[in-house]
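J.: Following this message is one structure expressed as structure tokens.
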2 protein chains.
Amino acid sequence: MSHTVETIRHSAAHVMAEAVLRLYPGTKFGIGPAIEDGFYYDFQLPTPIQPEDLPAIEKEMRRIIASGAEFVRSEVSKEEAKKRFADQPFKLELIEGLEEGSISLYEQGGFVDLCRGPHVANTREIKPDAFKLRAVAGAYWRGDEKRPMLTRIYAYCFASKAELEAHLKMLEEAEKRDNRRLGKELDLFSIHEEAGPGLIYWHPKGGRFRVELEKWWRDEHYANGYDILFTPHIGKSWLWETSGHLGFYKEGMYAPMEIDEDKYYIKPMNCPFHIMIYNNSTHSYRDLPLRWAELGTVYRYERAGSLHGLMRVRGFTQDDAHIICTPEQIEDEIAEVLRFSLHMHKTLGFKDIKAYLATRPAGDGAVGAPEMWATALESLRKAVAKEGLSYEIDEGGGAFYGPKIDLKVKDAIGREWQLTTIQFDFNEPERFDMTYVDSDGQKKRPYMVHRALLGSIERFFGVYLEHTAGAFPVWLCPEQVAVIPVGEAFVEYAKTVTATLKAAGLRVKAMLSDERMNAKIRDAQHQKIPYMLVVGQKEMDEGTVSIRYRDGRQANGVKLEDFRAMALEKVATKSLEA
Amino acid sequence: MSHTVETIRHSAAHVMAEAVLRLYPGTKFGIGPAIEDGFYYDFQLPTPIQPEDLPAIEKEMRRIIASGAEFVRSEVSKEEAKKRFADQPFKLELIEGLEEGSISLYEQGGFVDLCRGPHVANTREIKPDAFKLRAVAGAYWRGDEKRPMLTRIYAYCFASKAELEAHLKMLEEAEKRDNRRLGKELDLFSIHEEAGPGLIYWHPKGGRFRVELEKWWRDEHYANGYDILFTPHIGKSWLWETSGHLGFYKEGMYAPMEIDEDKYYIKPMNCPFHIMIYNNSTHSYRDLPLRWAELGTVYRYERAGSLHGLMRVRGFTQDDAHIICTPEQIEDEIAEVLRFSLHMHKTLGFKDIKAYLATRPAGDGAVGAPEMWATALESLRKAVAKEGLSYEIDEGGGAFYGPKIDLKVKDAIGREWQLTTIQFDFNEPERFDMTYVDSDGQKKRPYMVHRALLGSIERFFGVYLEHTAGAFPVWLCPEQVAVIPVGEAFVEYAKTVTATLKAAGLRVKAMLSDERMNAKIRDAQHQKIPYMLVVGQKEMDEGTVSIRYRDGRQANGVKLEDFRAMALEKVATKSLEA
């Protein structure tokens with residue numbers, strides 16, 4: 001019988017619990033769920049354990065698996081369950097919370113656990129080489145720091161050895177690509193805890209990436225019917241009271257600054273500022289739709305412990321836009337935003353993109369008439385269908401102020417990252433009393449949609465750094481060409497090559513120091529420079545260059561003008577391949 | 001005898017005082033200095049006066065001038081002076097503050113004033129048609145709001161009628177060009193007091209100007225050997241204590257935000273962040289000079305009353321850079337910054353540029369060894385000389401941390417605006433312990449120079465708006481071309497023209513509504529669009545356009561491709577003329 005990988009993982013957790021009990025008699029058990037790439041189990045152990053103890057537990061697990069024990073389910077009364085777990089205080093507490101008639105146990109080889117199941121039929125169905133104990137960590141019982149600290153053992157677990165190996169390889173690759181690591185190695189950015197955690201300092205090379213990315217972003221937005229705004233980073237409490245953020249988003253906001261007896265807040269979002277511009281003049285239906293974009297830097301309070309490189313920060317630049325339109329225009333506008341998003345992601349080289357639609361949350365908290373939600377959701381569905389995107393529905397997962405689509409892209413090592421969000425807002429147009437004059441002369445309420453395509457420039461940089469392992473497409477490379485003379489006699493020719501390519505607009509690093517050539521090549525490779533041009537006697541005589549590509553390919557004796565034309569074409573077409 | 005205009009102005013102030021005393025017996029006198037474009041005098045009047053009362057005072061002044069009274073100087077003792085001004089409490093207070101032996105009086109036609117002089121010899125030397133009373137305002141005695149409120153009468157005053165008229169014309173022109181007025185008329189930006197005074201909201205058309213300006217700014221900086229950084233807008237108090245800003249600049253800073261029990265300040269300057277990046281790694285003398293630029297948005301506290309449109313704001317984006325170099329490099333670097341600044345200003349069309357050098361302030365407050373000040377000042381002098389700039393020395397006018405050059409440009413109606421500042425900093429390299437390793441292996445302290453070329457994007461936008469009266473060079477125009485069909489039958493052709501020009505990258509506004517053609521032309525003229533293309537039967541048949549230029553010129557039957565090529569060339573060359 002074939003089981004889902006979650007069933008296998010959860011069964012393996014029981015096997016681990018049995019192994020731990022054998023090795024550490026007297027252990028008390030917490031819970032042991034399946035998780036994304038394996039499982040964990042929380043124990044109260046009679047003696048502390050270390051990572052060095054994990055192999056012995058693995059060995060014991062394999063012994064249990066090999067024994068071919070059956071998983072046997074039984075249903076028991078609450079009374080009976082309490083008796084069976086009389087010496088297991090955490091299980092007793094769990095039993096207390098269960099309804100009579102819903103309590104089931106699973107037993108394998110004499111080890112019994114309180115469990116809803118399902119499980120595999122026999123321990124042999126767990127592949128002994130498809131799991132690996134990963135780490136030991138502390139975890140409070142029920143996540144409550146006033147309750148006892150238990151020992152959590154994490155494991156990777158898959159249906160097959162091949163899958164486990166692929167996952168471990170992916171993790172190893174991810175470790176090499178970690179944005180914090182590459183950020184240092186390529187000298188792209190830094191973070192300075194002493195001046196404030198979660199704040200990104202973009203170094204010259206990171207800045208160059210950002211300048212090129214933002215230039216493209218602006219060009220594309222203008223070409224696709226957007227205007228670009230610039231708005232302040234701070235606003236008085238009046239603004240945030242009106243928008244409602246001080247009501248429903250205060251924990252995400254920084255503390256206020258007191259100026260002239262007013263409280264000012266640094267912005268966590270750009271929307272109220274765009275609305276101030278909208279409300280600065282009257283609008284006719286003829287002026288709509290408006291598509292107003294801004295690279296707006298916002299600050300949001302996140303717990304210091306949750307900050308993580310470029311991926312989770314406190315200050316970030318949203319590639320934000322607000323679309324303000326009539327109800328008649330909303331369907332086309334949503335389709336257009338989605339088309340535009342996919343166009344942007346494809347230019348960047350993301351091919352595997354999935355949509356997640358979140359609908360109206362249950363209860364009375366949601367704002368906006370149900371028919372507006374229905375119209376909005378319908379326009380989201382149609383847009384997704386039109387683009388032939390696969391999608392999942394997150395029933396009730398919308399914010400209280402409107403439904404949304406999130407887009408997740410798959411990166412080069414198979415991980416999904418959310419970048420785009422397209423989000424209806426039924427709240428702020430009401431709160432700010434936004435209106436337009438329709439063809440019938442009546443004042444009406446426009447629809448407003450927030451959207452960010454890349455999400456934020458900082459996080460996108462992190463994702464892209466990990467996706468490409470720092471080997472950016474040529475057009476985004478801080479340094480595109482390294483020129484390396486084979487010896488001092490060719491420094492002049494190297495300078496000519498450099499000047500020629502720079503004049504054509506390429507970003508060229510002339511490596512003219514007296515270091516050895518091989519050290520320079522290693523350095524340029526390490527910096528992921530797409531083209532290394534090695535020049536010596538032959539090249540100087542012929543007016544050529546010998547190209548070493550970042551991916552290991554080589555081409556000798558290429559005419560300088562041919563190289564220049566080729567490199568410029570890669571830049572102009574935003575080619576993904578060097 | 002020829003007098004300076006200041007002497008004439010000050011003499012006219014005495015004449016005004018005499019006229020006021022004749023018309024308002026019992027008036028008490030404050031002070032009456034010459035100012036930039038005239039003079040004022042502060043009075044305590046027996047009855048309040050209104051602007052309507054000014055012509056009568058002017059008439060009385062002309063009578064006094066025509067009388068040909070001599071200005072007669074006399075020197076008196078303190079005792080004697082007090083006797084003469086026994087009924088003038090403000091003068092008595094002034095006399096109290098004077099040294100015995102330094103007190104002089106000036107008398108004309110029986111009116112005596114306490115005055116150091118100099119004055120014209122005869123009232124007839126004041127041209128009766130070269131002055132004009134301007135306004136009545138309240139002013140506290142000695143600027144102290146606890147002292148009596150006096151009535152200040154302002155006047156324009158020049159050496160000749162022609163100069164007065166030119167000045168009045170300039171003021172009228174300035175009024176029409178006022179950035180606040182043009183900002184509204186051209187829908188470029190807005191300010192929203194209720195969300196925070198002094199904060200600029202850039203509308204789509206203002207945003208377009210800014211995007212184009214910043215794109216050029218970045219291109220020029222890269223082409224001139226700069227790198228571009230991006231740094232956070234907030235930093236912990238540690239950063240500002242280290243930099244010294246909390247010591248010497250606190251009144252200019254916004255109040256702190258409290259986060260995780262730390263105080264964070266929104267940045268008034270970018271320098272400490274750039275230094276954090278510098279100090280993030282070690283530097284060899286081979287890496288220097290570093291030229292690090294940032295369009296960094298800063299926030300500075302200014303009294304709400306002093307804010308003024310785009311010219312004086314609380315939040316602004318400095319076009320900042322820091323140059324970090326060895327002492328041997330400083331002279332070349334300063335020359336290069338100055339050359340680059342002038343290149344930028346000339347591209348923008350400023351021809352008349354003057355330098356102001358500020359030297360070491362007196363006293364012990366200044367930091368940095370005197371020889372560093374001498375080297376720095378010498379490099380500033382040499383750079384100015386090399387560029388053949390005229391300059392003034394502001395002796396002792398430098399900041400405590402280093403000497404500087406400011407550049408002022410003259411605008412189209414003759415006003416001077418300070419844009420560029422180039423500023424040595426001997427303070428922060430010490431405070432942050434910045435070092436580089438020199439060729440001798442020793443750690444040394446680099447020189448650091450702050451510089452902003454345009455000053456800030458916001459203020460520059462204000463200056464440029466007033467300089468051009470909103471008629472920007474084509475490359476900076478939010479809208480470059482308006483296409484106007486003479487009737488409905490030509491809408492399709494107008495669309496073709498629009499599409500052709502848009503495809504070439506021009507910013508085109510198709511004016512296709514059913515409004516009358518003349519109304520559209522007026523609207524496009526009002527919006528200062530450089531090219532209005534009118535298309536009708538003849539144009540459609542011939543594939544041409546009829547051009548109406550912003551300045552009134554016209555050209556009919558121009559081949560569409562010729563117009564396109566001409567417009568693209570104006571953009572590409574950053575031509576100042578449309």
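Letters A, B, ... mark the chains of the structure tokens in the order given; residue numbers begin at 1 per chain; ligand numbers begin at 1, in order shown.
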At a cut-off of 8 Å, which residues of chain A touch chain B? Count only C-alpha atoms and give the answer as number ranges by chain.
T.: A: 190, 192, 194-196, 199-204, 206-208, 215, 227-232, 234-239, 254-259, 264, 273, 276-277, 280, 292, 315
J.: Per DSSP on the backbone, what are the strand (DSSP E or B) residues of stretch 235-445 of chain A, as number ranges by chain?
T.: A: 235-236, 257-259, 262-266, 284, 290-299, 308, 312, 315-325, 353-358, 391-394, 399, 402, 404-410, 416-424, 436-437, 443-444
J.: Go through B:Cys271, B:Val409, B:Leu342, B:Ile57 one by one, measure the shortest atom-to-atom distance of each to B:Val384 using only C-alpha atoms, and give the residue with the smallest value.
T.: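 So, comparing all the options, the nearest one is B:Leu342.
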J.: Looking at only C-alpha atoms, which of A:Arg147, A:Ala469, A:Glu36, A:Ser77 is the one that sits closest to A:Gly183?
T.: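 Among the listed residues, the smallest separation from A:Gly183 belongs to A:Ala469.
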J.: May I have the residues within 12 Å of B:Leu94 as JSON, numbers by chain, using only C-alpha atoms and disregarding those fewer than 4 positions away in the same chain?
T.: {"B": [29, 30, 31, 78, 81, 82, 85, 88, 89, 90, 98, 99, 103, 113, 114, 115, 141, 142]}
J.: Based on the backbone DSSP call, show me all residues of stretch 87-303 of chain B assigned alpha helix (DSSP H), as a tab-separated table (two decimals) with C-alpha atoms, in the first residue's frame.
T.:
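This went into out_36.tsv:
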chain	number	residue	atom	x	y	z
B	89	PRO	CA	13.32	105.50	24.46
B	90	PHE	CA	14.64	103.12	21.79
B	91	LYS	CA	17.40	105.51	20.76
B	92	LEU	CA	18.30	105.97	24.44
B	93	GLU	CA	18.67	102.22	24.74
B	94	LEU	CA	20.92	102.19	21.69
B	95	ILE	CA	23.03	105.04	23.09
B	96	GLU	CA	23.49	103.06	26.31
B	161	LYS	CA	14.46	104.61	-11.74
B	162	ALA	CA	15.54	102.06	-14.34
B	163	GLU	CA	17.02	99.81	-11.67
B	164	LEU	CA	13.90	100.06	-9.53
B	165	GLU	CA	11.74	99.21	-12.50
B	166	ALA	CA	13.93	96.27	-13.45
B	167	HIS	CA	13.70	95.03	-9.87
B	168	LEU	CA	9.92	95.38	-9.76
B	169	LYS	CA	9.66	93.58	-13.05
B	170	MET	CA	11.90	90.81	-11.71
B	171	LEU	CA	9.67	90.50	-8.66
B	172	GLU	CA	6.57	90.35	-10.78
B	173	GLU	CA	8.22	87.66	-12.89
B	174	ALA	CA	9.32	85.82	-9.74
B	175	GLU	CA	5.74	85.92	-8.48
B	176	LYS	CA	4.53	84.28	-11.69
B	177	ARG	CA	7.27	81.65	-11.41
B	179	ASN	CA	7.33	77.23	-7.34
B	180	ARG	CA	4.22	76.86	-5.19
B	181	ARG	CA	2.11	78.46	-7.90
B	182	LEU	CA	3.67	76.52	-10.79
B	183	GLY	CA	3.56	73.33	-8.76
B	184	LYS	CA	-0.22	73.65	-8.65
B	185	GLU	CA	-0.71	74.93	-12.20
B	204	PRO	CA	3.00	61.87	-11.72
B	205	LYS	CA	4.38	64.80	-13.72
B	206	GLY	CA	6.75	65.97	-11.00
B	207	GLY	CA	7.77	62.35	-10.56
B	208	ARG	CA	8.62	62.11	-14.24
B	209	PHE	CA	10.90	65.13	-14.01
B	210	ARG	CA	12.59	63.57	-11.00
B	211	VAL	CA	13.00	60.15	-12.60
B	212	GLU	CA	14.66	61.72	-15.67
B	213	LEU	CA	16.84	64.01	-13.55
B	214	GLU	CA	17.96	61.20	-11.28
B	215	LYS	CA	18.64	58.87	-14.21
B	216	TRP	CA	20.97	61.49	-15.70
B	217	TRP	CA	22.51	62.12	-12.29
B	218	ARG	CA	23.28	58.41	-11.83
B	219	ASP	CA	24.66	58.01	-15.36
B	220	GLU	CA	26.93	61.02	-14.88
B	221	HIS	CA	28.13	59.78	-11.52
B	222	TYR	CA	29.01	56.35	-12.86
B	223	ALA	CA	30.70	57.93	-15.88
B	237	SER	CA	21.62	56.68	18.99
B	238	TRP	CA	25.01	54.88	19.09
B	239	LEU	CA	25.60	55.99	15.51
B	240	TRP	CA	24.73	59.63	16.18
B	241	GLU	CA	26.69	59.74	19.38
B	242	THR	CA	29.72	58.39	17.59
B	243	SER	CA	29.35	60.80	14.69
B	245	HIS	CA	25.53	64.81	15.59
B	246	LEU	CA	23.71	64.34	18.90
B	247	GLY	CA	26.21	66.77	20.33
B	248	PHE	CA	26.42	69.52	17.75
B	271	CYS	CA	27.64	60.44	6.22
B	272	PRO	CA	27.67	58.09	9.23
B	273	PHE	CA	26.09	55.35	7.11
B	274	HIS	CA	28.72	55.68	4.41
B	275	ILE	CA	31.40	55.50	7.07
B	276	MET	CA	29.86	52.28	8.41
B	277	ILE	CA	30.34	50.79	4.95
B	278	TYR	CA	33.90	52.12	4.76
J.: Mind giving me the straight-line distance from atom CA of A:Lys250 to atom CA of A:Ile324 in Å, one decimal?
T.: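 Between atom CA of A:Lys250 and atom CA of A:Ile324 the gap works out to 25.5 Å.
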J.: Skipping near chain neighbours, those fewer than 3 positions away, what residues fall within 6 Å of stretch 150-155 of chain B using only C-alpha atoms, listed as a ChimeraX atom specification?
T.: /B:38-44,132-140
J.: With a distance cut-off of 7 Å and only C-alpha atoms, select the neighbouring residues of stretch 525-542 of chain B, excluding the residue or stretch itself and same-chain residues fewer than 4 positions from it, and output the selection as a ChimeraX atom specification.
T.: /B:186,470-471,474,479-486,490,493-494,521,546-550,557,578
J.: If you keep C-alpha atoms, can you produce a file of those selected residues as a PDB file, in the first residue's frame?
T.:
ATOM      1  CA  LEU B 186       1.410  72.202 -13.733  1.00  0.00           C
ATOM      2  CA  GLY B 470       8.202  75.499 -15.859  1.00  0.00           C
ATOM      3  CA  ALA B 471       9.381  75.381 -19.483  1.00  0.00           C
ATOM      4  CA  VAL B 474      12.805  68.792 -23.625  1.00  0.00           C
ATOM      5  CA  GLU B 479       5.224  65.624 -21.410  1.00  0.00           C
ATOM      6  CA  GLN B 480       7.262  66.382 -24.523  1.00  0.00           C
ATOM      7  CA  VAL B 481       4.732  66.319 -27.311  1.00  0.00           C
ATOM      8  CA  ALA B 482       1.002  67.081 -27.507  1.00  0.00           C
ATOM      9  CA  VAL B 483      -0.853  65.670 -30.520  1.00  0.00           C
ATOM     10  CA  ILE B 484      -3.975  67.638 -31.418  1.00  0.00           C
ATOM     11  CA  PRO B 485      -6.279  66.656 -34.280  1.00  0.00           C
ATOM     12  CA  VAL B 486      -8.132  69.624 -35.810  1.00  0.00           C
ATOM     13  CA  PHE B 490      -8.235  63.050 -37.863  1.00  0.00           C
ATOM     14  CA  TYR B 493      -4.096  59.830 -37.783  1.00  0.00           C
ATOM     15  CA  ALA B 494      -3.393  61.526 -34.456  1.00  0.00           C
ATOM     16  CA  ILE B 521      -3.695  74.259 -27.694  1.00  0.00           C
ATOM     17  CA  SER B 546       2.329  71.102 -38.092  1.00  0.00           C
ATOM     18  CA  ILE B 547       4.444  72.109 -35.122  1.00  0.00           C
ATOM     19  CA  ARG B 548       3.603  74.867 -32.695  1.00  0.00           C
ATOM     20  CA  TYR B 549       6.518  75.449 -30.395  1.00  0.00           C
ATOM     21  CA  ARG B 550       6.173  76.478 -26.782  1.00  0.00           C
ATOM     22  CA  GLY B 557       4.029  70.429 -43.008  1.00  0.00           C
ATOM     23  CA  ALA B 578      13.131  73.153 -27.825  1.00  0.00           C
TER      24      ALA B 578
END
J.: Leaving out A:Met311 and any residue of its chain fewer than 2 positions from it, which residues lie within 12 Å of it when counting only C-alpha atoms, given as a CSV table (one decimal) with N, CA and C atoms, in the first residue's frame?
T.:
chain,number,residue,atom,x,y,z
A,178,ASP,N,23.5,31.0,0.5
A,178,ASP,CA,22.9,31.8,1.5
A,178,ASP,C,23.2,33.3,1.3
A,179,ASN,N,22.2,34.1,1.2
A,179,ASN,CA,22.4,35.5,0.9
A,179,ASN,C,23.4,36.2,1.8
A,180,ARG,N,23.4,35.8,3.1
A,180,ARG,CA,24.3,36.5,4.0
A,180,ARG,C,25.8,36.1,3.7
A,198,GLY,N,18.4,44.6,11.1
A,198,GLY,CA,17.4,44.5,10.0
A,198,GLY,C,17.4,45.6,9.0
A,199,LEU,N,18.5,46.4,9.0
A,199,LEU,CA,18.7,47.5,8.1
A,199,LEU,C,19.8,47.2,7.2
A,200,ILE,N,19.6,47.4,5.9
A,200,ILE,CA,20.5,46.9,4.9
A,200,ILE,C,21.3,48.1,4.4
A,306,SER,N,13.6,37.5,14.7
A,306,SER,CA,13.1,36.9,13.5
A,306,SER,C,13.8,37.5,12.2
A,307,LEU,N,14.7,38.4,12.4
A,307,LEU,CA,15.4,39.0,11.3
A,307,LEU,C,16.3,38.0,10.7
A,308,HIS,N,16.5,38.1,9.4
A,308,HIS,CA,17.3,37.1,8.7
A,308,HIS,C,17.8,37.6,7.4
A,309,GLY,N,19.1,38.1,7.4
A,309,GLY,CA,19.8,38.5,6.2
A,309,GLY,C,18.9,39.5,5.4
A,313,VAL,N,13.7,41.7,7.1
A,313,VAL,CA,14.4,42.9,7.5
A,313,VAL,C,13.4,43.9,8.1
A,314,ARG,N,13.9,45.0,8.6
A,314,ARG,CA,13.0,46.0,9.2
A,314,ARG,C,12.7,47.2,8.3
A,315,GLY,N,13.6,47.4,7.4
A,315,GLY,CA,13.5,48.5,6.5
A,315,GLY,C,13.6,48.0,5.1
A,316,PHE,N,12.6,48.2,4.2
A,316,PHE,CA,12.7,47.7,2.9
A,316,PHE,C,11.9,48.5,1.9
A,417,TRP,N,9.3,30.9,-3.4
A,417,TRP,CA,9.4,32.2,-2.7
A,417,TRP,C,8.2,33.1,-3.2
A,418,GLN,N,7.5,33.6,-2.2
A,418,GLN,CA,6.5,34.6,-2.6
A,418,GLN,C,7.1,35.9,-3.0
A,419,LEU,N,6.8,36.4,-4.2
A,419,LEU,CA,7.3,37.7,-4.6
A,419,LEU,C,6.0,38.6,-4.7
A,455,GLY,N,7.9,42.4,-4.6
A,455,GLY,CA,7.7,42.4,-3.2
A,455,GLY,C,8.5,43.5,-2.5
A,456,SER,N,9.7,43.3,-2.3
A,456,SER,CA,10.6,44.4,-1.9
A,456,SER,C,12.0,44.2,-2.6
A,457,ILE,N,12.6,45.3,-2.8
A,457,ILE,CA,13.9,45.3,-3.5
A,457,ILE,C,14.9,44.4,-2.6
A,458,GLU,N,14.9,44.6,-1.3
A,458,GLU,CA,15.8,43.9,-0.5
A,458,GLU,C,15.6,42.4,-0.5
A,459,ARG,N,14.4,42.0,-0.3
A,459,ARG,CA,14.1,40.6,-0.2
A,459,ARG,C,14.3,40.0,-1.6
A,460,PHE,N,13.9,40.7,-2.6
A,460,PHE,CA,14.1,40.2,-4.0
A,460,PHE,C,15.6,40.0,-4.2
A,461,PHE,N,16.4,40.9,-3.8
A,461,PHE,CA,17.8,40.8,-4.0
A,461,PHE,C,18.3,39.5,-3.3
A,462,GLY,N,17.8,39.2,-2.1
A,462,GLY,CA,18.1,38.0,-1.4
A,462,GLY,C,17.7,36.7,-2.2
A,463,VAL,N,16.5,36.7,-2.7
A,463,VAL,CA,16.0,35.6,-3.4
A,463,VAL,C,16.8,35.4,-4.7
A,464,TYR,N,17.1,36.5,-5.4
A,464,TYR,CA,17.8,36.4,-6.7
A,464,TYR,C,19.2,36.0,-6.5
A,465,LEU,N,19.8,36.4,-5.4
A,465,LEU,CA,21.2,36.1,-5.0
A,465,LEU,C,21.2,34.5,-4.8
A,466,GLU,N,20.2,34.0,-4.1
A,466,GLU,CA,20.2,32.6,-3.9
A,466,GLU,C,19.8,31.8,-5.1
J.: What is the distance between atom CA of A:Gly97 and atom CA of A:Gly26, in Å to one decimal?
T.: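 We find that atom CA of A:Gly97 and atom CA of A:Gly26 lie 23.8 Å from each other.
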J.: For B:Phe158, find every residue with an atom within 8 Å (counting only C-alpha atoms), except residues of its own chain fewer than 6 positions away, and show them as a list in words.
T.: Val5, Ile8, Arg9, Asp37, Gly38, Ala130, Phe131 and Leu164 of chain B
J.: Any idea what the distance is between atom CA of B:Thr317 and atom CA of B:Leu453?
T.: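 One can read the atom CA of B:Thr317 to atom CA of B:Leu453 distance as 11.8 Å.
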